[in-house]
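J.: The following file, final12.pdb, comprises PDB, C-alpha atoms:
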```
ATOM      1  CA  MET A   1     -20.665  70.374 -32.485
ATOM      2  CA  ALA A   2     -17.069  70.254 -33.772
ATOM      3  CA  GLU A   3     -18.250  69.761 -37.354
ATOM      4  CA  THR A   4     -20.732  72.648 -37.017
ATOM      5  CA  GLN A   5     -17.922  74.903 -35.778
ATOM      6  CA  PHE A   6     -15.700  73.751 -38.647
ATOM      7  CA  LEU A   7     -18.433  74.619 -41.155
ATOM      8  CA  GLN A   8     -19.014  78.004 -39.559
ATOM      9  CA  ASP A   9     -15.305  78.846 -39.532
ATOM     10  CA  VAL A  10     -14.878  77.777 -43.169
ATOM     11  CA  HIS A  11     -17.903  79.876 -44.184
ATOM     12  CA  ASN A  12     -16.542  82.910 -42.360
ATOM     13  CA  GLY A  13     -13.026  82.468 -43.722
ATOM     14  CA  LEU A  14     -14.059  81.954 -47.333
ATOM     15  CA  SER A  15     -16.423  84.939 -47.124
ATOM     16  CA  ASP A  16     -13.729  87.268 -45.815
ATOM     17  CA  THR A  17     -11.202  89.348 -47.761
ATOM     18  CA  PRO A  18      -8.552  88.054 -47.933
ATOM     19  CA  LYS A  19      -9.797  84.469 -47.611
ATOM     20  CA  HIS A  20      -8.395  82.496 -44.689
ATOM     21  CA  ILE A  21      -8.950  79.326 -42.653
ATOM     22  CA  SER A  22      -7.478  78.734 -39.196
ATOM     23  CA  SER A  23      -4.323  76.645 -39.137
ATOM     24  CA  LYS A  24      -5.863  74.411 -36.446
ATOM     25  CA  TYR A  25      -7.895  72.729 -39.195
ATOM     26  CA  LEU A  26      -4.709  71.532 -40.900
ATOM     27  CA  TYR A  27      -4.397  68.904 -38.166
ATOM     28  CA  ASP A  28      -6.686  66.011 -38.916
ATOM     29  CA  GLU A  29      -5.293  62.452 -38.818
ATOM     30  CA  ILE A  30      -3.642  62.840 -42.231
ATOM     31  CA  GLY A  31      -2.403  66.323 -41.346
ATOM     32  CA  ASP A  32      -0.841  65.004 -38.125
ATOM     33  CA  GLU A  33       1.059  62.360 -40.078
ATOM     34  CA  LEU A  34       2.243  64.883 -42.655
ATOM     35  CA  PHE A  35       3.412  67.293 -39.965
ATOM     36  CA  ILE A  36       5.508  64.542 -38.401
ATOM     37  CA  LYS A  37       7.129  64.101 -41.817
ATOM     38  CA  ILE A  38       7.702  67.867 -42.055
ATOM     39  CA  MET A  39       9.440  67.892 -38.672
ATOM     40  CA  GLY A  40      11.751  65.142 -39.896
ATOM     41  CA  CYS A  41      12.863  67.122 -42.940
ATOM     42  CA  ASP A  42      16.333  68.654 -43.030
ATOM     43  CA  ASP A  43      14.690  71.962 -44.000
ATOM     44  CA  TYR A  44      12.570  72.090 -40.839
ATOM     45  CA  TYR A  45      15.064  73.318 -38.243
ATOM     46  CA  LEU A  46      12.668  74.376 -35.467
ATOM     47  CA  THR A  47      12.195  71.076 -33.641
ATOM     48  CA  ARG A  48      15.892  70.160 -33.802
ATOM     49  CA  ALA A  49      16.934  73.622 -32.634
ATOM     50  CA  GLU A  50      14.756  73.568 -29.524
ATOM     51  CA  ASP A  51      15.751  69.974 -28.830
ATOM     52  CA  ASP A  52      19.373  71.157 -28.968
ATOM     53  CA  ILE A  53      18.606  73.587 -26.139
ATOM     54  CA  PHE A  54      17.080  70.877 -23.954
ATOM     55  CA  LYS A  55      19.782  68.372 -24.809
ATOM     56  CA  ASN A  56      22.670  70.674 -23.905
ATOM     57  CA  LEU A  57      21.215  73.115 -21.374
ATOM     58  CA  ALA A  58      18.633  71.150 -19.349
ATOM     59  CA  SER A  59      20.625  71.460 -16.123
ATOM     60  CA  ASP A  60      21.124  75.214 -16.648
ATOM     61  CA  ILE A  61      17.404  75.617 -17.323
ATOM     62  CA  VAL A  62      16.496  73.859 -14.069
ATOM     63  CA  THR A  63      18.979  76.049 -12.173
ATOM     64  CA  SER A  64      17.426  79.185 -13.693
ATOM     65  CA  PHE A  65      14.074  78.327 -12.091
ATOM     66  CA  ASN A  66      15.735  79.091  -8.736
ATOM     67  CA  LEU A  67      13.528  76.618  -6.888
ATOM     68  CA  GLU A  68      14.083  74.943  -3.538
ATOM     69  CA  LYS A  69      14.336  71.202  -4.011
ATOM     70  CA  ASN A  70      12.155  70.362  -1.008
ATOM     71  CA  VAL A  71       9.321  72.765  -1.916
ATOM     72  CA  HIS A  72       6.743  71.187  -4.205
ATOM     73  CA  PHE A  73       5.906  72.837  -7.535
ATOM     74  CA  ASP A  74       3.788  72.017 -10.567
ATOM     75  CA  LEU A  75       5.401  71.905 -14.014
ATOM     76  CA  ILE A  76       2.469  72.585 -16.346
ATOM     77  CA  GLU A  77       3.000  72.041 -20.074
ATOM     78  CA  LEU A  78       0.485  73.561 -22.498
ATOM     79  CA  GLY A  79       0.149  71.441 -25.643
ATOM     80  CA  ALA A  80       2.539  68.766 -24.444
ATOM     81  CA  GLY A  81       2.792  66.798 -27.711
ATOM     82  CA  ASP A  82       5.056  63.758 -27.495
ATOM     83  CA  GLY A  83       7.016  65.194 -24.542
ATOM     84  CA  THR A  84      10.430  64.320 -26.018
ATOM     85  CA  LYS A  85      12.041  67.666 -25.180
ATOM     86  CA  THR A  86      10.424  67.969 -21.768
ATOM     87  CA  LEU A  87      11.601  64.464 -20.842
ATOM     88  CA  ARG A  88      15.208  65.689 -20.871
ATOM     89  CA  LEU A  89      14.349  68.311 -18.276
ATOM     90  CA  LEU A  90      12.207  65.960 -16.186
ATOM     91  CA  GLU A  91      15.185  63.609 -16.009
ATOM     92  CA  VAL A  92      17.301  66.388 -14.490
ATOM     93  CA  LEU A  93      14.564  67.299 -11.991
ATOM     94  CA  VAL A  94      14.301  63.668 -10.860
ATOM     95  CA  GLU A  95      18.072  63.107 -10.736
ATOM     96  CA  GLU A  96      18.607  66.258  -8.673
ATOM     97  CA  GLY A  97      15.820  65.425  -6.239
ATOM     98  CA  TYR A  98      13.273  68.177  -6.912
ATOM     99  CA  ASN A  99       9.772  67.786  -5.470
ATOM    100  CA  PHE A 100       7.408  68.333  -8.390
ATOM    101  CA  SER A 101       4.419  67.099 -10.355
ATOM    102  CA  TYR A 102       4.261  67.124 -14.159
ATOM    103  CA  LEU A 103       0.902  68.300 -15.524
ATOM    104  CA  PRO A 104       0.715  67.987 -19.326
ATOM    105  CA  VAL A 105      -2.307  69.797 -20.815
ATOM    106  CA  ASP A 106      -3.901  68.874 -24.139
ATOM    107  CA  ILE A 107      -7.363  68.628 -25.666
ATOM    108  CA  SER A 108      -6.513  65.122 -26.891
ATOM    109  CA  GLU A 109      -6.834  62.403 -24.259
ATOM    110  CA  ASN A 110      -5.147  60.000 -26.683
ATOM    111  CA  VAL A 111      -2.050  62.243 -26.880
ATOM    112  CA  LEU A 112      -1.895  62.496 -23.087
ATOM    113  CA  GLU A 113      -2.284  58.753 -22.550
ATOM    114  CA  LYS A 114       0.624  58.055 -24.901
ATOM    115  CA  LEU A 115       2.695  60.704 -23.139
ATOM    116  CA  GLU A 116       1.855  59.313 -19.698
ATOM    117  CA  THR A 117       2.867  55.819 -20.809
ATOM    118  CA  MET A 118       6.178  57.059 -22.211
ATOM    119  CA  ILE A 119       7.089  59.162 -19.143
ATOM    120  CA  SER A 120       6.067  56.389 -16.737
ATOM    121  CA  LEU A 121       8.354  53.933 -18.510
ATOM    122  CA  LYS A 122      11.304  56.335 -18.612
ATOM    123  CA  LEU A 123      10.796  57.956 -15.201
ATOM    124  CA  PRO A 124       8.651  55.690 -13.009
ATOM    125  CA  SER A 125       9.250  57.874  -9.935
ATOM    126  CA  ALA A 126       7.893  61.054 -11.570
ATOM    127  CA  GLU A 127       4.354  62.095 -10.612
ATOM    128  CA  ILE A 128       2.227  62.749 -13.723
ATOM    129  CA  ARG A 129      -1.257  64.269 -13.569
ATOM    130  CA  LYS A 130      -2.550  64.595 -17.130
ATOM    131  CA  GLN A 131      -5.031  67.409 -17.760
ATOM    132  CA  VAL A 132      -7.514  66.998 -20.621
ATOM    133  CA  GLY A 133      -9.112  70.209 -21.801
ATOM    134  CA  ASP A 134      -8.711  73.807 -22.887
ATOM    135  CA  TYR A 135      -5.586  75.587 -21.629
ATOM    136  CA  PHE A 136      -7.389  78.317 -19.742
ATOM    137  CA  GLN A 137     -10.096  76.074 -18.300
ATOM    138  CA  ILE A 138      -7.367  73.894 -16.819
ATOM    139  CA  LEU A 139      -5.324  76.873 -15.610
ATOM    140  CA  GLU A 140      -8.387  78.363 -13.951
ATOM    141  CA  GLN A 141      -8.897  75.117 -12.031
ATOM    142  CA  LEU A 142      -5.214  74.925 -11.091
ATOM    143  CA  SER A 143      -5.192  78.561  -9.961
ATOM    144  CA  GLN A 144      -7.199  77.517  -6.889
ATOM    145  CA  SER A 145      -4.020  75.870  -5.580
ATOM    146  CA  ASN A 146      -1.239  77.856  -3.897
ATOM    147  CA  VAL A 147       1.404  75.485  -5.263
ATOM    148  CA  LYS A 148       4.173  77.285  -7.165
ATOM    149  CA  LYS A 149       3.821  76.910 -10.929
ATOM    150  CA  VAL A 150       6.195  76.780 -13.899
ATOM    151  CA  VAL A 151       4.257  76.835 -17.191
ATOM    152  CA  PHE A 152       5.842  75.487 -20.382
ATOM    153  CA  PHE A 153       4.684  76.637 -23.829
ATOM    154  CA  LEU A 154       7.222  75.237 -26.271
ATOM    155  CA  GLY A 155       7.712  74.738 -29.999
ATOM    156  CA  SER A 156       7.039  78.379 -30.967
ATOM    157  CA  ASN A 157       3.314  77.641 -30.811
ATOM    158  CA  ILE A 158       2.892  81.271 -29.773
ATOM    159  CA  GLY A 159       4.011  82.154 -33.307
ATOM    160  CA  ASN A 160       0.587  81.236 -34.712
ATOM    161  CA  MET A 161      -0.813  84.302 -32.918
ATOM    162  CA  THR A 162      -0.596  87.947 -33.960
ATOM    163  CA  ASP A 163       1.301  90.128 -31.483
ATOM    164  CA  ASP A 164      -1.960  91.615 -30.162
ATOM    165  CA  ILE A 165      -3.476  88.186 -29.610
ATOM    166  CA  ALA A 166      -0.232  86.983 -27.996
ATOM    167  CA  ALA A 167      -0.330  89.959 -25.605
ATOM    168  CA  SER A 168      -3.924  89.073 -24.690
ATOM    169  CA  PHE A 169      -2.857  85.439 -24.245
ATOM    170  CA  PHE A 170      -0.177  86.412 -21.702
ATOM    171  CA  GLN A 171      -2.524  88.851 -20.002
ATOM    172  CA  ARG A 172      -5.016  86.058 -19.468
ATOM    173  CA  LEU A 173      -2.279  83.620 -18.486
ATOM    174  CA  SER A 174      -1.105  86.111 -15.882
ATOM    175  CA  SER A 175      -4.586  86.243 -14.329
ATOM    176  CA  TYR A 176      -4.300  82.553 -13.386
ATOM    177  CA  LEU A 177      -0.792  82.756 -11.944
ATOM    178  CA  SER A 178       0.604  84.162  -8.701
ATOM    179  CA  ALA A 179       3.621  86.347  -8.012
ATOM    180  CA  ASP A 180       6.907  84.525  -8.741
ATOM    181  CA  ASP A 181       5.204  81.875 -10.895
ATOM    182  CA  GLN A 182       7.120  81.375 -14.128
ATOM    183  CA  ILE A 183       6.622  80.752 -17.850
ATOM    184  CA  PHE A 184       9.117  78.959 -20.085
ATOM    185  CA  LEU A 185       8.373  79.974 -23.665
ATOM    186  CA  GLY A 186       9.892  78.563 -26.861
ATOM    187  CA  VAL A 187      10.113  80.919 -29.862
ATOM    188  CA  ASP A 188      11.654  80.864 -33.317
ATOM    189  CA  LEU A 189      14.055  83.776 -33.763
ATOM    190  CA  ILE A 190      14.042  86.301 -36.603
ATOM    191  CA  LYS A 191      16.621  85.255 -39.170
ATOM    192  CA  SER A 192      17.352  85.372 -42.881
ATOM    193  CA  ALA A 193      14.851  84.128 -45.466
ATOM    194  CA  ASP A 194      17.245  81.508 -46.847
ATOM    195  CA  ILE A 195      16.889  79.598 -43.561
ATOM    196  CA  VAL A 196      13.228  80.283 -42.785
ATOM    197  CA  LEU A 197      11.509  79.808 -46.148
ATOM    198  CA  PRO A 198      12.627  76.190 -46.769
ATOM    199  CA  ALA A 199      11.118  75.238 -43.402
ATOM    200  CA  TYR A 200       7.689  76.242 -44.738
ATOM    201  CA  SER A 201       8.162  74.956 -48.278
ATOM    202  CA  ASP A 202      10.316  71.853 -47.926
ATOM    203  CA  SER A 203      11.955  70.306 -50.954
ATOM    204  CA  ALA A 204      10.197  66.970 -50.354
ATOM    205  CA  GLY A 205       6.802  68.631 -50.803
ATOM    206  CA  PHE A 206       5.341  67.590 -47.445
ATOM    207  CA  THR A 207       4.318  71.156 -46.538
ATOM    208  CA  LYS A 208       2.459  71.490 -49.830
ATOM    209  CA  GLN A 209       0.627  68.201 -49.148
ATOM    210  CA  PHE A 210      -0.055  69.359 -45.578
ATOM    211  CA  ASN A 211      -1.774  72.540 -46.785
ATOM    212  CA  LEU A 212      -3.638  70.920 -49.687
ATOM    213  CA  ASN A 213      -4.958  68.293 -47.276
ATOM    214  CA  LEU A 214      -7.055  71.081 -45.746
ATOM    215  CA  LEU A 215      -9.053  71.208 -48.995
ATOM    216  CA  THR A 216      -9.377  67.415 -48.993
ATOM    217  CA  ARG A 217     -10.677  67.594 -45.423
ATOM    218  CA  ILE A 218     -13.260  70.230 -46.397
ATOM    219  CA  ASN A 219     -14.392  68.005 -49.277
ATOM    220  CA  ARG A 220     -14.689  64.971 -47.005
ATOM    221  CA  GLU A 221     -16.280  66.561 -43.939
ATOM    222  CA  LEU A 222     -18.253  69.466 -45.422
ATOM    223  CA  GLY A 223     -19.128  68.150 -48.863
ATOM    224  CA  GLY A 224     -16.848  70.577 -50.677
ATOM    225  CA  ASN A 225     -15.831  70.234 -54.305
ATOM    226  CA  PHE A 226     -12.300  71.640 -54.180
ATOM    227  CA  ASP A 227     -10.107  70.307 -57.005
ATOM    228  CA  ILE A 228      -6.709  70.251 -55.324
ATOM    229  CA  ASP A 229      -4.987  70.167 -58.710
ATOM    230  CA  LYS A 230      -6.295  73.705 -59.244
ATOM    231  CA  PHE A 231      -4.451  75.058 -56.184
ATOM    232  CA  ASP A 232      -0.777  75.437 -55.342
ATOM    233  CA  HIS A 233       1.028  76.177 -52.093
ATOM    234  CA  GLN A 234       3.254  79.180 -51.515
ATOM    235  CA  ALA A 235       5.284  80.281 -48.472
ATOM    236  CA  TYR A 236       6.216  83.909 -47.772
ATOM    237  CA  TYR A 237       8.727  85.537 -45.437
ATOM    238  CA  THR A 238      10.770  88.693 -45.102
ATOM    239  CA  GLU A 239      13.299  89.262 -42.341
ATOM    240  CA  GLU A 240      12.047  92.851 -41.958
ATOM    241  CA  ASP A 241       8.540  91.709 -41.024
ATOM    242  CA  GLY A 242       9.716  88.607 -39.168
ATOM    243  CA  ILE A 243       6.538  86.750 -40.143
ATOM    244  CA  ALA A 244       6.360  83.563 -42.203
ATOM    245  CA  SER A 245       3.028  82.708 -43.804
ATOM    246  CA  SER A 246       1.511  80.037 -46.009
ATOM    247  CA  ALA A 247      -1.276  80.295 -48.564
ATOM    248  CA  LEU A 248      -2.988  78.177 -51.172
ATOM    249  CA  ILE A 249      -3.111  79.915 -54.555
ATOM    250  CA  SER A 250      -6.001  79.454 -56.957
ATOM    251  CA  LEU A 251      -4.567  78.552 -60.371
ATOM    252  CA  GLU A 252      -7.657  79.719 -62.266
ATOM    253  CA  ASP A 253     -11.037  81.436 -61.855
ATOM    254  CA  GLN A 254     -13.275  78.910 -60.127
ATOM    255  CA  VAL A 255     -16.343  78.538 -57.901
ATOM    256  CA  ILE A 256     -16.374  76.239 -54.886
ATOM    257  CA  THR A 257     -19.535  74.762 -53.373
ATOM    258  CA  LEU A 258     -19.917  73.339 -49.871
ATOM    259  CA  GLY A 259     -22.467  70.552 -50.161
ATOM    260  CA  GLN A 260     -23.322  70.611 -46.470
ATOM    261  CA  SER A 261     -24.669  74.168 -46.712
ATOM    262  CA  GLY A 262     -25.088  74.742 -50.432
ATOM    263  CA  LYS A 263     -23.093  77.967 -50.253
ATOM    264  CA  THR A 264     -20.737  78.924 -53.075
ATOM    265  CA  PHE A 265     -17.472  80.865 -52.999
ATOM    266  CA  ALA A 266     -15.704  82.372 -56.003
ATOM    267  CA  PHE A 267     -11.911  82.323 -56.402
ATOM    268  CA  SER A 268     -10.147  84.426 -59.020
ATOM    269  CA  GLU A 269      -6.929  83.264 -60.651
ATOM    270  CA  GLY A 270      -4.013  84.013 -58.325
ATOM    271  CA  GLU A 271      -6.246  84.607 -55.288
ATOM    272  CA  LYS A 272      -4.814  83.430 -51.957
ATOM    273  CA  LEU A 273      -6.419  81.318 -49.273
ATOM    274  CA  HIS A 274      -4.313  82.040 -46.187
ATOM    275  CA  THR A 275      -3.725  78.982 -44.010
ATOM    276  CA  GLU A 276      -0.964  79.696 -41.512
ATOM    277  CA  VAL A 277       1.121  82.431 -39.915
ATOM    278  CA  SER A 278       4.343  81.829 -37.988
ATOM    279  CA  ARG A 279       5.761  84.839 -36.148
ATOM    280  CA  LYS A 280       9.496  85.081 -35.522
ATOM    281  CA  TYR A 281      10.881  86.921 -32.516
ATOM    282  CA  ASP A 282      13.685  88.939 -30.993
ATOM    283  CA  ASP A 283      14.024  90.570 -27.556
ATOM    284  CA  ASP A 284      12.240  93.759 -28.661
ATOM    285  CA  VAL A 285       9.214  91.880 -30.012
ATOM    286  CA  ILE A 286       8.996  89.778 -26.842
ATOM    287  CA  MET A 287       9.262  92.783 -24.524
ATOM    288  CA  ASN A 288       6.601  94.648 -26.494
ATOM    289  CA  ILE A 289       4.210  91.692 -26.194
ATOM    290  CA  LEU A 290       4.851  91.423 -22.434
ATOM    291  CA  LYS A 291       4.059  95.089 -21.711
ATOM    292  CA  GLY A 292       1.368  95.328 -19.067
ATOM    293  CA  THR A 293       1.132  91.577 -18.534
ATOM    294  CA  GLY A 294       3.079  91.485 -15.268
ATOM    295  CA  PHE A 295       5.814  89.264 -16.692
ATOM    296  CA  GLU A 296       9.498  90.111 -16.949
ATOM    297  CA  ILE A 297      12.292  88.281 -18.741
ATOM    298  CA  VAL A 298      14.578  86.386 -16.353
ATOM    299  CA  GLU A 299      16.712  84.307 -18.724
ATOM    300  CA  LYS A 300      17.130  83.395 -22.379
ATOM    301  CA  PHE A 301      18.553  80.150 -23.766
ATOM    302  CA  THR A 302      19.499  79.644 -27.409
ATOM    303  CA  ASP A 303      20.565  76.639 -29.467
ATOM    304  CA  SER A 304      24.121  76.252 -30.718
ATOM    305  CA  ARG A 305      23.299  77.910 -34.068
ATOM    306  CA  GLY A 306      21.292  80.802 -32.602
ATOM    307  CA  LEU A 307      18.137  79.859 -34.510
ATOM    308  CA  PHE A 308      15.721  79.341 -31.617
ATOM    309  CA  ALA A 309      15.277  80.610 -28.075
ATOM    310  CA  ASP A 310      13.563  79.558 -24.876
ATOM    311  CA  TYR A 311      12.730  82.497 -22.619
ATOM    312  CA  LEU A 312      12.048  82.289 -18.886
ATOM    313  CA  PHE A 313       9.544  84.856 -17.604
ATOM    314  CA  LYS A 314       8.588  85.522 -14.002
ATOM    315  CA  LYS A 315       5.388  87.161 -12.804
ATOM    316  CA  SER A 316       6.112  90.167 -10.644
TER     317      SER A 316
END
```
Output the file's structure as structure tokens, nothing else.
T.:
Amino acid sequence: MAETQFLQDVHNGLSDTPKHISSKYLYDEIGDELFIKIMGCDDYYLTRAEDDIFKNLASDIVTSFNLEKNVHFDLIELGAGDGTKTLRLLEVLVEEGYNFSYLPVDISENVLEKLETMISLKLPSAEIRKQVGDYFQILEQLSQSNVKKVVFFLGSNIGNMTDDIAASFFQRLSSYLSADDQIFLGVDLIKSADIVLPAYSDSAGFTKQFNLNLLTRINRELGGNFDIDKFDHQAYYTEEDGIASSALISLEDQVITLGQSGKTFAFSEGEKLHTEVSRKYDDDVIMNILKGTGFEIVEKFTDSRGLFADYLFKKS
């Protein structure tokens, strides 16, 4: 089923104008490893900036939730990843005696098992209830409970959505939450191109490899005949738009065939295959997205350099 969906999405994307393929397909096993390398690059500030917030402001963040220590709540994290940042906050919650359960949500059971092992070793007294599945399927199930909820969505993952899709995302999220439930959202802030662009085109070349690996994956899984030497990677960003994007550029006129379907797709020299979009934010963009969703901004935390922000929203 997954492979059939991959084939369908590649067909649709390569048939469209401009050509595009969803960024989710960048993350196969090789892509995961390359992205870890990207995050370790000096150019890639995002992870370090948000970690700076959790490292220095975890206690302030917990205070901003305005929760009673003896009243149980669920801390639900969408796309939990390795949990490194969240661990800092969980440590404060445990140390200060809050009554809570940690519910990491991910489609990968393997990711959640590793996370559960790590948290259990570091914080054996913390209650962890891992949730394997789609965000909204899990939230729909959890909405049957009257337990107060704080939902984490970190790492500027929201930035892969257009503003309209992000607004729909929060609208749907709101439908599964009750009044006074909260969202803690991590976003990359709008800033100058000299800081942003290197994060999406690192000097070590990992981002280029990361994007070109998408073509290698298509060749391997869908029988494609992409010659990766005939494509280059390019990142784009302007502070006025506040949107970073990545594309693979065809270096010559060429025709690609997908062996699994037999379909062919023509690329002209200089034509772009769009692979990723990363929205940057400020207060105005955030407030515009939240219009009509029932959420209001309660607090905003930024790192020491003012590169990244974590916003706390409350449902009215």
J.: Might you spell out which residues the PyMOL selection byres ((chain A and resi 246) around 9) would select in the displayed file, as JSON, numbers by chain?
T.: {"A": [200, 201, 211, 233, 234, 235, 236, 244, 245, 247, 248, 273, 274, 275, 276, 277, 278]}
J.: Can you give me, as a list in words, the residues this file yields under the PyMOL selection byres ((chain A and resi 190) around 9)?
T.: Asp188, Leu189, Lys191, Ser192, Val196, Glu239, Glu240, Asp241, Gly242, Ile243, Arg279, Lys280, Tyr281, Asp282, Leu307 and Phe308 of chain A
J.: Once 3 Å is added on each side, what are the centre and the three edge lengths, in Å to one decimal, of the axis-aligned box enclosing the listed atoms of segment 289-299 of chain A? Present them as lines of an AutoDock Vina configuration file.
T.:
```
center_x = 8.9
center_y = 89.8
center_z = -20.7
size_x = 21.6
size_y = 17.0
size_z = 16.9
```
J.: Using the chain letters and numbers from the file, give me the residues hit by the PyMOL selection byres ((chain A and resi 28) around 12), as an mmCIF file with C-alpha atoms, keeping the file's coordinate frame.
T.:
```
data_model
loop_
_atom_site.group_PDB
_atom_site.id
_atom_site.type_symbol
_atom_site.label_atom_id
_atom_site.label_comp_id
_atom_site.auth_asym_id
_atom_site.auth_seq_id
_atom_site.Cartn_x
_atom_site.Cartn_y
_atom_site.Cartn_z
ATOM 1 C CA PHE A 6 -15.700 73.751 -38.647
ATOM 2 C CA SER A 23 -4.323 76.645 -39.137
ATOM 3 C CA LYS A 24 -5.863 74.411 -36.446
ATOM 4 C CA TYR A 25 -7.895 72.729 -39.195
ATOM 5 C CA LEU A 26 -4.709 71.532 -40.900
ATOM 6 C CA TYR A 27 -4.397 68.904 -38.166
ATOM 7 C CA GLU A 29 -5.293 62.452 -38.818
ATOM 8 C CA ILE A 30 -3.642 62.840 -42.231
ATOM 9 C CA GLY A 31 -2.403 66.323 -41.346
ATOM 10 C CA ASP A 32 -0.841 65.004 -38.125
ATOM 11 C CA GLU A 33 1.059 62.360 -40.078
ATOM 12 C CA LEU A 34 2.243 64.883 -42.655
ATOM 13 C CA PHE A 35 3.412 67.293 -39.965
ATOM 14 C CA PHE A 210 -0.055 69.359 -45.578
ATOM 15 C CA ASN A 211 -1.774 72.540 -46.785
ATOM 16 C CA ASN A 213 -4.958 68.293 -47.276
ATOM 17 C CA LEU A 214 -7.055 71.081 -45.746
ATOM 18 C CA LEU A 215 -9.053 71.208 -48.995
ATOM 19 C CA THR A 216 -9.377 67.415 -48.993
ATOM 20 C CA ARG A 217 -10.677 67.594 -45.423
ATOM 21 C CA ILE A 218 -13.260 70.230 -46.397
ATOM 22 C CA ARG A 220 -14.689 64.971 -47.005
ATOM 23 C CA GLU A 221 -16.280 66.561 -43.939
#
```
J.: Please provide as JSON, numbers by chain all residues within 9 Å of Thr302 of chain A, with the sequence filter that same-chain residues fewer than 3 positions apart are discarded (counting all atoms listed in the file).
T.: {"A": [49, 50, 52, 53, 305, 306, 307, 308, 309, 310, 311]}
